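*Asks:* Got a structure for you, questions after.
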Amino acid sequence: MRAPMRFPTLKYDITASLVVFLVALPLCVGVAVASGVPAELGLITGIVGGLVTGVLPGSSLQVSGPAAGLTVLVAETVQRFGLPALGVVVAATGLLQLLLGALRWGRWFRAISVAVVEGMLAGIGLVIIAGQLYAMADRPAPASGVDKLLGLPGLLSRLGSSPAALHSFAIGAGTIAVIVLWQRLPARARVVPGALVAVLLATGAAWLLSGPVKKVEVKGLLEAIQPPGAGVLDQFTPALVITIVAFTLVASAESLFSAAAVDRIHDGPRTDYDKELIAQGAGNALCGALGALPMTAVIVRSATNVQAGARTKASRVLHGVWLLLFAALLPAALAVIPVAALAGVLVHAGFKLLPFKQLGPLWREHRSEALVLAATAVAIVTVNMFEGVLIGLGLSILKSAWETSRLHVETDERTDGVVRVRLTGNATFLRLPKLLDALEALPADRVVELDLTGLRHLDHACQSALTTWAERHNAHAPEAVRLIPALAGPT
């Protein structure tokens with residue numbers, strides 16, 4: 001009799017891990033280069049995401065690593081505070097995530113409006129696209145999101161007058177074209193991820209054409225590590241604390257929303273959101289200690305992991321092993337990759353952050369949510385990442401307050417002369433002027449029947465106002481106001 005396998009799922013996890021590794025490799029390097037940090041720091045974050053976060057409980061199949069969604073925030077932080085401060089920010093973010101997870105706040109991040117999260121990603125996507133178009137042309141990008149967008153016409157005119165810029169831009173555009181076309185091939189042909197194929201082809205094209213194309217700078221894995229120095233506490237200025245809060249909010253929300261999305265596409269164990277937040281915190285704390293990029297759970301790599309047949313968390317751990325082996329044994333391979341090719345990968349990733357498919361249905365069914373999404377995206381582009389998210393959250397809260405305080409007042413005169421007033425919705429102090437205007441407009445010499453059965457909520461202010469109005473009306477009306485049901489106290 002044949003003995004049962006000790007690890008029946010291992011072959012599936014090994015195959016999935018190799019596919020995820022091939023997807024993660026160009027993205028880890030591309031996110032680092034786009035963030036203005038050494039390419040090796042992106043690989044370090046991917047390695048920690050696999051070997052550390054990958055073994056911790058939380059979500060069984062989602063994959064963590066450097067994310068395009070944090071590129072803008074990382075680049076702003078490095079430009080403002082310098083590269084050594086990045087480790088401080090990321091480590092503090094990780095410690096804060098550990099605290100929030102221990103306090104069981106992970107589930108509350110799911111209360112953030114989906115419109116705010118999608119608006120945040122859309123704004124980030126627009127800034128990434130605009131910024132990486134400059135990188136494709138080997139030109140420095142303006143600092144602000146608005147300047148990046150406004151400078152695009154000038155960038156296009158520059159392509160016409162600079163053969164070197166046109167040559168570099170063509171390599172980036174070719175990378176995007178290969179990624180898009182690769183997705184239309186049969187499934188068997190797409191075993192190797194399109195982004196990796198595109199980067200390899202772009203690298204080959206740059207070598208064959210021998211044009212002046214900027215390549216990735218390589219320092220070596222150990223040389224790239226920059227742990228926070230002895231003066232860590234001196235760096236905690238109010239501006240840096242605000243940056244840490246921004247990192248925590250964005251990284252945690254993106255990770256937990258990714259976990260919810262991954263749970264919908266597999267039948268395995270569901271995510272424990274508090275444990276997942278702790279796992280993300282542990283990974284970010286270590287990334288910060290190494291001076292690497294921040295990590296989040298990444299939906300593209302996670303979905304690839306599930307679709308490639310992963311059964312357990314072994315697949316995401318192994319993908320970290322493959323990244324470590326590549327970084328240790330083949331670091332020189334990074335030096336032949338054109339920066340324009342990685343910029344093309346990021347431009348494509350930025351487009352995938354734009355909610356083209358969701359915006360139409362959202363506008364038709366929940367117009368206010370669509371407006372919050374658009375306002376959040378515009379705020380991130382025009383102001384900055386943190387304030388843009390805060391504006392989106394504020395608008396979402398105002399929208400909810402407005403909608404939960406909606407009150408309908410219907411007046412109907414019956415054949416027996418009784419005026420029937422029916423209130424439906426939520427009677428709160430926000431709608432008190434509307435309620436009193438409708439009631440005070442009723443004829444004082446008529447019998448009024450006030451139907452409150454359609455109210456979902458009646459706060460103390462509205463109850464007091466109704467009682468006062470009824471007393472005044474009863475002083476002149478032929479009969480006391482008929483209250484259905486009688487007022488007994490706030491509901």
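To be explicit about the labels: the chains of the structure tokens are called A, B, and onward in the order shown, and within each one the residues are counted from 1, while ligands get numbers from 1 in the order they are shown.
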Identify, on the basis of only C-alpha atoms, every residue whose closest approach to region 277-280 of chain A does not exceed 6 Å; exclude the query and any residue fewer than 6 positions from it along the same chain; express the result as a ChimeraX atom specification.

*Replies:* /A:53,56,98,101,106

*Asks:* Take the residues from that selection and put them in a file with C-alpha atoms, as a PDB file, in the first residue's frame.

*Replies:*
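Here's the written file again_12.pdb:
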ATOM      1  CA  THR A  53       4.760  38.385   7.734  1.00  0.00           C
ATOM      2  CA  LEU A  56       2.405  34.882  11.044  1.00  0.00           C
ATOM      3  CA  LEU A  98       1.226  46.182  16.510  1.00  0.00           C
ATOM      4  CA  GLY A 101      -3.780  45.009  16.462  1.00  0.00           C
ATOM      5  CA  GLY A 106      -8.093  45.798  13.048  1.00  0.00           C
TER       6      GLY A 106
END

*Asks:* Compile the contact shell of Leu455 (chain A) as a PyMOL selection string: residues with an atom at most 10 Å away, counting only C-alpha atoms, same-chain residues fewer than 4 positions apart removed.

*Replies:* chain A and resi 407-408+422-427+451+491

*Asks:* For a test of reading the model, state the distance in Å between CA of Val88 (chain A) and CA of Ala39 (chain A), rounded to one decimal.

*Replies:*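 Taking CA of Val88 (chain A) as the start and CA of Ala39 (chain A) as the end point, the length is 18.9 Å.
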
*Asks:* Can you measure CA of Gly131 (chain A) to CA of Ala297 (chain A) for me? One decimal in Å is fine.

*Replies:* 23.2 Å

*Asks:* As a compact mmCIF listing (two decimals) with C-alpha atoms, in the first residue's frame, please: the residues near Met120 (chain A) (cut-off 12 Å, only C-alpha atoms, same-chain neighbours under 3 positions excluded).

*Replies:*
# COMPACT_ATOMS: atom_id res chain seq x y z
CA GLY A 69 -0.04 52.59 -3.32
CA LEU A 70 2.64 53.87 -0.93
CA VAL A 72 3.87 58.68 -3.49
CA LEU A 73 3.98 58.84 0.30
CA ILE A 112 -13.55 53.15 6.39
CA SER A 113 -15.73 53.95 3.41
CA VAL A 114 -14.84 51.96 0.30
CA ALA A 115 -15.27 55.21 -1.66
CA VAL A 116 -12.49 56.81 0.39
CA VAL A 117 -10.14 53.86 -0.15
CA GLY A 123 -5.40 59.71 -6.55
CA ILE A 124 -2.23 57.70 -5.94
CA GLY A 125 -2.62 56.08 -9.34
CA LEU A 126 -2.87 59.45 -11.08
CA VAL A 127 0.24 60.77 -9.33
CA ALA A 246 -0.45 58.77 7.41
CA LEU A 249 -3.65 54.74 8.12
CA VAL A 250 -2.91 54.06 4.46
CA ALA A 251 -0.89 50.85 4.92
CA ALA A 253 -6.45 50.21 5.33
CA GLU A 254 -4.91 48.92 2.10
CA GLY A 350 -1.06 53.09 -11.67
CA LEU A 353 -5.48 51.63 -9.35
CA LEU A 354 -8.01 53.77 -11.24
CA PRO A 355 -11.60 52.55 -10.63
CA VAL A 372 -16.59 61.28 -2.21
CA LEU A 373 -14.37 59.04 -4.35
CA ALA A 374 -13.70 61.79 -6.88
CA ALA A 375 -13.11 64.44 -4.20
CA THR A 376 -10.62 62.21 -2.38
CA ALA A 377 -8.69 61.54 -5.58
CA VAL A 378 -8.61 65.24 -6.53
CA ALA A 379 -7.52 66.22 -3.01
CA ILE A 380 -4.61 63.78 -3.07
CA VAL A 381 -3.44 65.09 -6.45
CA ASN A 384 -0.94 65.73 -0.69
CA MET A 385 -1.49 62.17 0.42
CA PHE A 386 -2.33 62.61 4.10
CA GLU A 387 -4.54 65.68 3.81
CA GLY A 388 -6.29 64.11 0.82
CA VAL A 389 -7.22 61.02 2.83
CA LEU A 390 -8.40 63.20 5.74
CA ILE A 391 -10.55 65.25 3.35
CA GLY A 392 -12.05 62.03 1.99
CA LEU A 393 -12.77 60.71 5.50

*Asks:* Any idea what the distance is between CA of Leu371 (chain A) and CA of Trp108 (chain A)?

*Replies:*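 Separating CA of Leu371 (chain A) from CA of Trp108 (chain A) is a distance of 23.2 Å.
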
*Asks:* Residues within 12 Å of Arg472 (chain A), please, as an MDAnalysis selection string. Count only C-alpha atoms; anything in the same chain fewer than 3 positions from it doesn't count.

*Replies:* chainID A and resid 439:440 444:445 465:469 475:477 480:481

*Asks:* Between A:Val29, A:Ile337, A:Leu152, A:Ala461, which has the minimum distance to Thr71 (chain A) (counting only C-alpha atoms)?

*Replies:*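 The shortest atom-to-atom distance to Thr71 (chain A) comes from A:Val29.
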
*Asks:* Closest to Ala177 (chain A) among A:Glu413, A:Arg406, A:Val347, A:Leu156, using only C-alpha atoms?

*Replies:*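 Distance minimum relative to Ala177 (chain A) lands on A:Val347.
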
*Asks:* With only C-alpha atoms as the counted atoms, please give the residues lying no more than 10 Å from Leu61 (chain A), apart from itself and same-chain residues fewer than 3 positions off, as a CSV table (one decimal) with all heavy atoms, in the first residue's frame.

*Replies:*
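The result, written out as out-v7.csv:
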chain,number,residue,atom,x,y,z
A,54,GLY,N,4.8,36.4,6.3
A,54,GLY,CA,4.2,35.2,5.7
A,54,GLY,C,4.0,34.1,6.7
A,54,GLY,O,3.1,33.3,6.5
A,58,GLY,N,-3.2,35.4,10.5
A,58,GLY,CA,-3.9,36.6,10.0
A,58,GLY,C,-4.7,36.1,8.8
A,58,GLY,O,-5.8,35.5,8.8
A,64,SER,N,2.4,39.9,1.0
A,64,SER,CA,2.8,41.3,1.4
A,64,SER,C,4.2,41.7,0.8
A,64,SER,O,5.0,40.8,0.5
A,64,SER,CB,2.9,41.4,3.0
A,64,SER,OG,1.7,41.1,3.6
A,259,ALA,N,-7.2,42.0,2.2
A,259,ALA,CA,-7.6,40.8,2.9
A,259,ALA,C,-9.0,40.4,2.6
A,259,ALA,O,-9.4,39.3,2.3
A,259,ALA,CB,-7.3,40.8,4.4
A,262,VAL,N,-9.3,39.3,-1.0
A,262,VAL,CA,-8.8,37.9,-1.2
A,262,VAL,C,-9.7,36.9,-0.6
A,262,VAL,O,-9.8,35.8,-1.2
A,262,VAL,CB,-7.3,37.8,-0.5
A,262,VAL,CG1,-6.8,36.4,-0.6
A,262,VAL,CG2,-6.4,38.8,-1.3
A,263,ASP,N,-10.3,37.2,0.5
A,263,ASP,CA,-11.2,36.2,1.1
A,263,ASP,C,-12.4,35.9,0.2
A,263,ASP,O,-13.0,34.8,0.3
A,263,ASP,CB,-11.8,36.8,2.4
A,263,ASP,CG,-10.9,36.6,3.6
A,263,ASP,OD1,-9.9,35.9,3.4
A,263,ASP,OD2,-11.1,37.2,4.7
A,266,HIS,N,-11.2,32.9,-2.5
A,266,HIS,CA,-10.8,31.5,-2.1
A,266,HIS,C,-11.7,30.9,-1.1
A,266,HIS,O,-12.4,31.7,-0.4
A,266,HIS,CB,-9.3,31.5,-1.7
A,266,HIS,CG,-9.1,32.1,-0.3
A,266,HIS,ND1,-9.2,31.4,0.8
A,266,HIS,CD2,-8.7,33.4,0.1
A,266,HIS,CE1,-8.9,32.1,1.9
A,266,HIS,NE2,-8.7,33.4,1.5
A,268,GLY,N,-10.6,29.0,1.6
A,268,GLY,CA,-9.8,28.6,2.7
A,268,GLY,C,-10.2,29.4,4.0
A,268,GLY,O,-11.3,30.1,4.0
A,269,PRO,N,-9.4,29.4,5.0
A,269,PRO,CA,-9.7,30.1,6.3
A,269,PRO,C,-9.9,31.6,6.0
A,269,PRO,O,-9.2,32.2,5.3
A,269,PRO,CB,-8.5,29.8,7.2
A,269,PRO,CG,-7.9,28.5,6.6
A,269,PRO,CD,-8.1,28.6,5.1
A,270,ARG,N,-10.8,32.2,6.8
A,270,ARG,CA,-11.1,33.6,6.7
A,270,ARG,C,-10.0,34.4,7.4
A,270,ARG,O,-9.4,33.9,8.4
A,270,ARG,CB,-12.5,34.0,7.2
A,270,ARG,CG,-13.6,33.2,6.6
A,270,ARG,CD,-13.8,33.6,5.1
A,270,ARG,NE,-13.1,32.7,4.2
A,270,ARG,CZ,-13.1,32.8,2.9
A,270,ARG,NH1,-13.8,33.8,2.3
A,270,ARG,NH2,-12.4,32.0,2.1
A,271,THR,N,-9.9,35.6,7.1
A,271,THR,CA,-8.9,36.5,7.7
A,271,THR,C,-9.3,36.9,9.1
A,271,THR,O,-10.4,37.3,9.4
A,271,THR,CB,-8.7,37.8,6.9
A,271,THR,OG1,-8.1,37.4,5.6
A,271,THR,CG2,-7.7,38.7,7.6
A,301,ARG,N,-0.5,40.6,-6.2
A,301,ARG,CA,0.3,39.4,-5.9
A,301,ARG,C,-0.6,38.4,-5.1
A,301,ARG,O,-0.4,37.2,-5.3
A,301,ARG,CB,1.5,39.9,-5.0
A,301,ARG,CG,2.7,40.3,-5.9
A,301,ARG,CD,3.7,41.1,-5.1
A,301,ARG,NE,3.4,42.5,-5.3
A,301,ARG,CZ,4.2,43.5,-4.8
A,301,ARG,NH1,5.2,43.2,-4.0
A,301,ARG,NH2,3.9,44.8,-5.0
A,302,SER,N,-1.5,38.9,-4.2
A,302,SER,CA,-2.3,38.0,-3.5
A,302,SER,C,-3.3,37.2,-4.4
A,302,SER,O,-3.4,36.0,-4.3
A,302,SER,CB,-3.1,38.8,-2.4
A,302,SER,OG,-2.2,39.4,-1.6
A,303,ALA,N,-3.9,37.9,-5.4
A,303,ALA,CA,-4.8,37.3,-6.3
A,303,ALA,C,-4.0,36.3,-7.2
A,303,ALA,O,-4.5,35.2,-7.5
A,303,ALA,CB,-5.5,38.3,-7.2
A,304,THR,N,-2.8,36.7,-7.6
A,304,THR,CA,-2.0,35.8,-8.3
A,304,THR,C,-1.7,34.5,-7.6
A,304,THR,O,-1.7,33.4,-8.1
A,304,THR,CB,-0.6,36.5,-8.7
A,304,THR,OG1,-0.9,37.6,-9.5
A,304,THR,CG2,0.3,35.5,-9.5
A,305,ASN,N,-1.4,34.6,-6.3
A,305,ASN,CA,-1.1,33.5,-5.4
A,305,ASN,C,-2.3,32.5,-5.4
A,305,ASN,O,-2.1,31.3,-5.5
A,305,ASN,CB,-0.8,34.0,-4.0
A,305,ASN,CG,-0.3,32.9,-3.1
A,305,ASN,OD1,0.5,32.1,-3.5
A,305,ASN,ND2,-0.7,33.0,-1.8
A,306,VAL,N,-3.5,33.1,-5.2
A,306,VAL,CA,-4.7,32.2,-5.2
A,306,VAL,C,-4.9,31.6,-6.5
A,306,VAL,O,-5.2,30.4,-6.6
A,306,VAL,CB,-5.9,33.1,-4.8
A,306,VAL,CG1,-7.2,32.2,-4.9
A,306,VAL,CG2,-5.8,33.6,-3.4
A,310,ALA,N,-2.2,28.2,-4.8
A,310,ALA,CA,-1.7,28.1,-3.5
A,310,ALA,C,-2.7,27.5,-2.5
A,310,ALA,O,-3.9,27.8,-2.6
A,310,ALA,CB,-1.3,29.5,-3.0
A,311,ARG,N,-2.3,26.7,-1.6
A,311,ARG,CA,-3.2,26.0,-0.7
A,311,ARG,C,-2.9,26.5,0.8
A,311,ARG,O,-3.9,26.5,1.6
A,311,ARG,CB,-3.0,24.5,-0.7
A,311,ARG,CG,-3.2,23.9,-2.1
A,311,ARG,CD,-4.6,24.1,-2.6
A,311,ARG,NE,-4.8,23.6,-3.9
A,311,ARG,CZ,-5.1,22.3,-4.2
A,311,ARG,NH1,-5.1,21.4,-3.3
A,311,ARG,NH2,-5.2,21.9,-5.5
A,312,THR,N,-1.7,26.9,1.1
A,312,THR,CA,-1.3,27.3,2.5
A,312,THR,C,-0.4,28.5,2.4
A,312,THR,O,0.0,28.9,1.3
A,312,THR,CB,-0.6,26.1,3.2
A,312,THR,OG1,0.7,25.9,2.7
A,312,THR,CG2,-1.4,24.8,3.2
A,313,LYS,N,-0.1,29.0,3.6
A,313,LYS,CA,0.8,30.1,3.7
A,313,LYS,C,2.3,29.8,3.2
A,313,LYS,O,3.1,30.7,3.1
A,313,LYS,CB,0.9,30.7,5.1
A,313,LYS,CG,1.4,29.7,6.2
A,313,LYS,CD,1.4,30.4,7.5
A,313,LYS,CE,0.1,30.8,8.0
A,313,LYS,NZ,0.1,31.4,9.3
A,314,ALA,N,2.5,28.5,3.0
A,314,ALA,CA,3.9,28.1,2.6
A,314,ALA,C,4.2,28.8,1.2
A,314,ALA,O,5.4,29.1,1.0
A,314,ALA,CB,4.0,26.6,2.4
A,315,SER,N,3.3,29.1,0.4
A,315,SER,CA,3.5,29.7,-0.9
A,315,SER,C,4.1,31.1,-0.7
A,315,SER,O,5.1,31.5,-1.4
A,315,SER,CB,2.3,29.7,-1.8
A,315,SER,OG,1.3,30.5,-1.1
A,316,ARG,N,3.5,31.9,0.2
A,316,ARG,CA,4.0,33.2,0.3
A,316,ARG,C,5.4,33.2,1.1
A,316,ARG,O,6.2,34.1,0.8
A,316,ARG,CB,3.0,34.1,1.1
A,316,ARG,CG,2.6,33.6,2.4
A,316,ARG,CD,1.5,34.5,3.0
A,316,ARG,NE,1.2,34.3,4.4
A,316,ARG,CZ,0.3,34.9,5.1
A,316,ARG,NH1,-0.4,35.9,4.5
A,316,ARG,NH2,0.2,34.7,6.4

*Asks:* Select, from A:Glu471, A:Lys352, A:Ala438, A:Ala308, the residue with the minimum atom-to-atom distance to Tyr12 (chain A), counting only C-alpha atoms.

*Replies:*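 Of A:Glu471, A:Lys352, A:Ala438, A:Ala308, the one nearest Tyr12 (chain A), counting only C-alpha atoms, is A:Ala308.
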
*Asks:* Region 85-168 of chain A: which residues are helix (DSSP H, G or I) by DSSP, as a PyMOL selection string?

*Replies:* chain A and resi 85-102+106-111+114-136+145-150+152-161+163-168

*Asks:* Hey, which bits of region 316-370 of chain A sit within 12 Å of region 20-28 of chain A, and for each residue what's the closest pair of atoms and how far apart in Å (one decimal), counting only C-alpha atoms, rows by chain and increasing number, as a tab-separated table?

*Replies:*
residue	atom	partner	partner_atom	distance
A:Arg316	CA	A:Val20	CA	7.8
A:Val317	CA	A:Phe21	CA	10.4
A:Leu318	CA	A:Phe21	CA	8.5
A:His319	CA	A:Phe21	CA	5.0
A:Gly320	CA	A:Phe21	CA	7.6
A:Val321	CA	A:Phe21	CA	9.0
A:Trp322	CA	A:Phe21	CA	6.6
A:Leu323	CA	A:Phe21	CA	6.7
A:Leu324	CA	A:Phe21	CA	10.3
A:Leu325	CA	A:Phe21	CA	11.0
A:Phe326	CA	A:Leu25	CA	9.0
A:Ala327	CA	A:Leu25	CA	9.9
A:Pro331	CA	A:Leu25	CA	11.8
A:Ala333	CA	A:Leu25	CA	11.6
A:Leu334	CA	A:Pro26	CA	9.6
A:Ile337	CA	A:Pro26	CA	9.7
A:Pro338	CA	A:Pro26	CA	11.4
A:Val339	CA	A:Pro26	CA	11.0
A:Ala341	CA	A:Pro26	CA	9.5
A:Leu342	CA	A:Pro26	CA	7.0
A:Ala343	CA	A:Leu27	CA	10.0
A:Gly344	CA	A:Pro26	CA	10.7
A:Val345	CA	A:Leu27	CA	7.4
A:Leu346	CA	A:Leu27	CA	7.6
A:Val347	CA	A:Leu27	CA	11.3
A:His348	CA	A:Leu27	CA	10.9
A:Ala349	CA	A:Leu27	CA	8.9
A:Gly350	CA	A:Leu27	CA	11.8

*Asks:* For Met136 (chain A), find every residue with an atom within 6 Å (counting only C-alpha atoms), except residues of its own chain fewer than 4 positions away, and show them as a list of chain:residue names.

*Replies:* A:Phe169, A:Gly172, A:Ala340, A:Ala343

*Asks:* So that I have them on file, write out the residues from the current selection with C-alpha atoms, as a compact mmCIF listing (two decimals), in the first residue's frame.

*Replies:*
# COMPACT_ATOMS: atom_id res chain seq x y z
CA PHE A 169 10.35 56.84 -23.55
CA GLY A 172 8.91 52.44 -21.37
CA ALA A 340 12.29 53.37 -18.23
CA ALA A 343 8.64 53.13 -14.97

*Asks:* Could you give me, as a list in words, the residues within 10 Å of region 190-192 of chain A, counting only C-alpha atoms and dropping anything in the same chain fewer than 3 positions from it?

*Replies:*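 Everything that qualifies: Leu18, Val19, Val20, Leu22, Val23, Trp182, Gln183, Arg184, Leu185, Pro186, Ala187, Ala195, Leu196, Val197 and Ala308 of chain A.
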